[in-house]
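Visitor: Structure below; questions to follow.
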Amino acid sequence: MSKFQKKGKAEMPELNTSSLPDLIFSILFFFMIVTSMREVELKVEFKVPSGTELEKLERKSLVSHIYIGKPTKDFRAKLGTQSRIQLNDKFADPSHIREFVMAERESMSERDKPFMKMSLKVDRDTQMGIVTDVKMELREAMALSVVYSATQR
Amino acid sequence: MGKRKVPGLNASSTADISFILLIFFLVTTSMDTDRGLAVRLPNPPEDNQQDPPKIRERNSMIVNVNMNNQIMVTVAKNSKEIQISELRELAKQFIANPENDPDLPELIPVELPAPFGVQPITKNHVISLQTDRATSYDTYFQVENELYGAYNDLRDELARKSFGHPYRECTEDEQLACRQYYKCVISEAEPRKYNQ
């Protein structure tokens, strides 16, 4: 049994952490690849409806977002709880949509322009009135490809 | 001079640095894969619009959603209130009209791409969706979802029957043929203001 007897003071061996940075770097790269930068600061709250017949939005560069929902807490005192439209970083009226579409279209390359898509992120509890106003403006601006953003059911 | 041992670089803080980077990316990015129901809006209305082409009653299905989110469907003057779960079956019956029902859209022989050839399809059918300004967006979305779902179901059945695999796995030509067989015609009227 003497074979297993400890000789002298046993020291805890130091843990080798030299591969830890590599490990974390690979997690970092994973996240950099699968995620995309958040583009705007949301000023409206929305919970999109759920559906079954959804398509994936393939190329993010073709998609422009229009958000419709209740203003977030910070803005409620000023704007109330009525549903509002957010374009880029600002609250907007339906009349601003045409301008917004023009600007978005201008920022695209010539080849991509016909494939522009508008993604409508609308809160479930919104009334149809404001959505229809937006759709009318989109039609006027000839932005006819529309995607109603939703979650898979 | 003898060989000098080079001291190892202390790399223990690299882990911390990369942790900070990782957390930065976690905070500033979003993982959501965007999904949605893709629709195509009609062209803008023209000023000098003539009367819309007359649609025979049997060819139109009017889906009306009122301010209380109740759904009413009118086919050939028969109106009834339905639940959202019944809508898909009803729409499928209407679009396909498999029994050649005189109250459902007429079947007109149309030249379709191979392998279909000339087939009787409900070429002139129109599904018209009417909403109120006070209808909730959720209900509207569910109705749209069911209507597009009806078309997708029919195309899928057709693809399975004709090509032996689901619509998703079809080639582009096959998908196009299926889409022409069941052409999606959903028109949306301006919402009405019954009361504010």
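Chain lettering (A, B, ...) mirrors the order of the structure tokens, residue numbering begins at 1 for each chain separately, and ligand numbering begins at 1 in order of display.
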Against region 48-53 of chain A, which residues of region 68-137 of chain A fall within 8 Å? For each one I want the closest pair of atoms and the distance in Å (one decimal), counting only C-alpha atoms, rows by chain and increasing residue number, as a Markdown table.
Guide:
| residue | atom | partner | partner_atom | distance |
| --- | --- | --- | --- | --- |
| A:Lys121 | CA | A:Val48 | CA | 6.4 |
| A:Val122 | CA | A:Val48 | CA | 5.9 |
| A:Asp123 | CA | A:Val48 | CA | 5.2 |
| A:Arg124 | CA | A:Pro49 | CA | 5.5 |
Visitor: Can you list every residue in region 1-149 of chain A that DSSP puts in strand (DSSP E or B), as JSON, numbers by chain?
Guide: {"A": [36, 37, 44, 45, 50, 51, 55, 56, 63, 64, 65, 66, 67, 68, 69, 70, 71, 84, 85, 86, 87, 90, 91, 92, 117, 118, 119, 120, 121, 122, 127, 145, 146, 147, 148, 149]}
Visitor: Check the DSSP output for the backbone and give back, as a PyMOL selection string, the residues of region 3-93 of chain A in alpha helix (DSSP H).
Guide: chain A and resi 20-34+73-79
Visitor: Residues of chain B within 9 Å of chain A, counting only C-alpha atoms, what are they? List them as a PyMOL selection string.
Guide: chain B and resi 11-19+21-23+25-26+28-45+131-142+145-146+148-149+152+190-191+193
Visitor: Determine, counting only C-alpha atoms, which protein, DNA and RNA residues have an atom within 12 Å of an atom of Glu86 (chain B); residues of the same chain fewer than 4 positions away are not included. Present the result as a PyMOL selection string.
Guide: chain B and resi 71-73+80-82+90-93+142-143+146-147+150
Visitor: Need to verify the contact set: region 179-183 of chain B, 8 Å, only C-alpha atoms, exclusion of same-chain residues closer than 3 positions in sequence. Can you return it as a list in words?
Guide: Ile95, Ala96, Leu112, Ile121, Lys123, Tyr151, Leu154, Arg155, Gln175 and Leu176 of chain B
Visitor: Which residues, written as a list in words, have at least one atom at most 6 Å from Ile85 (chain A), with only C-alpha atoms counted and residues fewer than 2 positions away on the same chain left out?
Guide: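 With the cut-off at 6 Å, the set is Tyr67, Ile68, Phe91 and Ala92 of chain A.
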Visitor: So that I can see what lies close to Glu57 (chain B), please list as a list in words the residues with an atom at most 9 Å from it, counting only C-alpha atoms and leaving out residues fewer than 6 positions away in the same chain.
Guide: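 With the cut-off at 9 Å, the set is Val75, Ala76, Lys77, Asp103, Leu104 and Pro105 of chain B.
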Visitor: So which residues touch Asp156 (chain B) within 10 Å, counting only C-alpha atoms, skipping near sequence neighbours fewer than 6 positions away, as a PyMOL selection string?
Guide: chain B and resi 150+162+165-170+175+178
Visitor: Report, in Å to a single decimal, how far apart CA of Ser95 (chain A) and CA of Lys73 (chain A) are.
Guide: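 Interatomic distance, CA of Lys73 (chain A) to CA of Ser95 (chain A): 24.9 Å.
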Visitor: Looking at A:Phe46, A:Arg59, A:Arg153, A:Ser83, which one is nearest to Asp112 (chain A), with distances taken over only C-alpha atoms?
Guide: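 With only C-alpha atoms as the atom set, the closest residue is A:Arg59.
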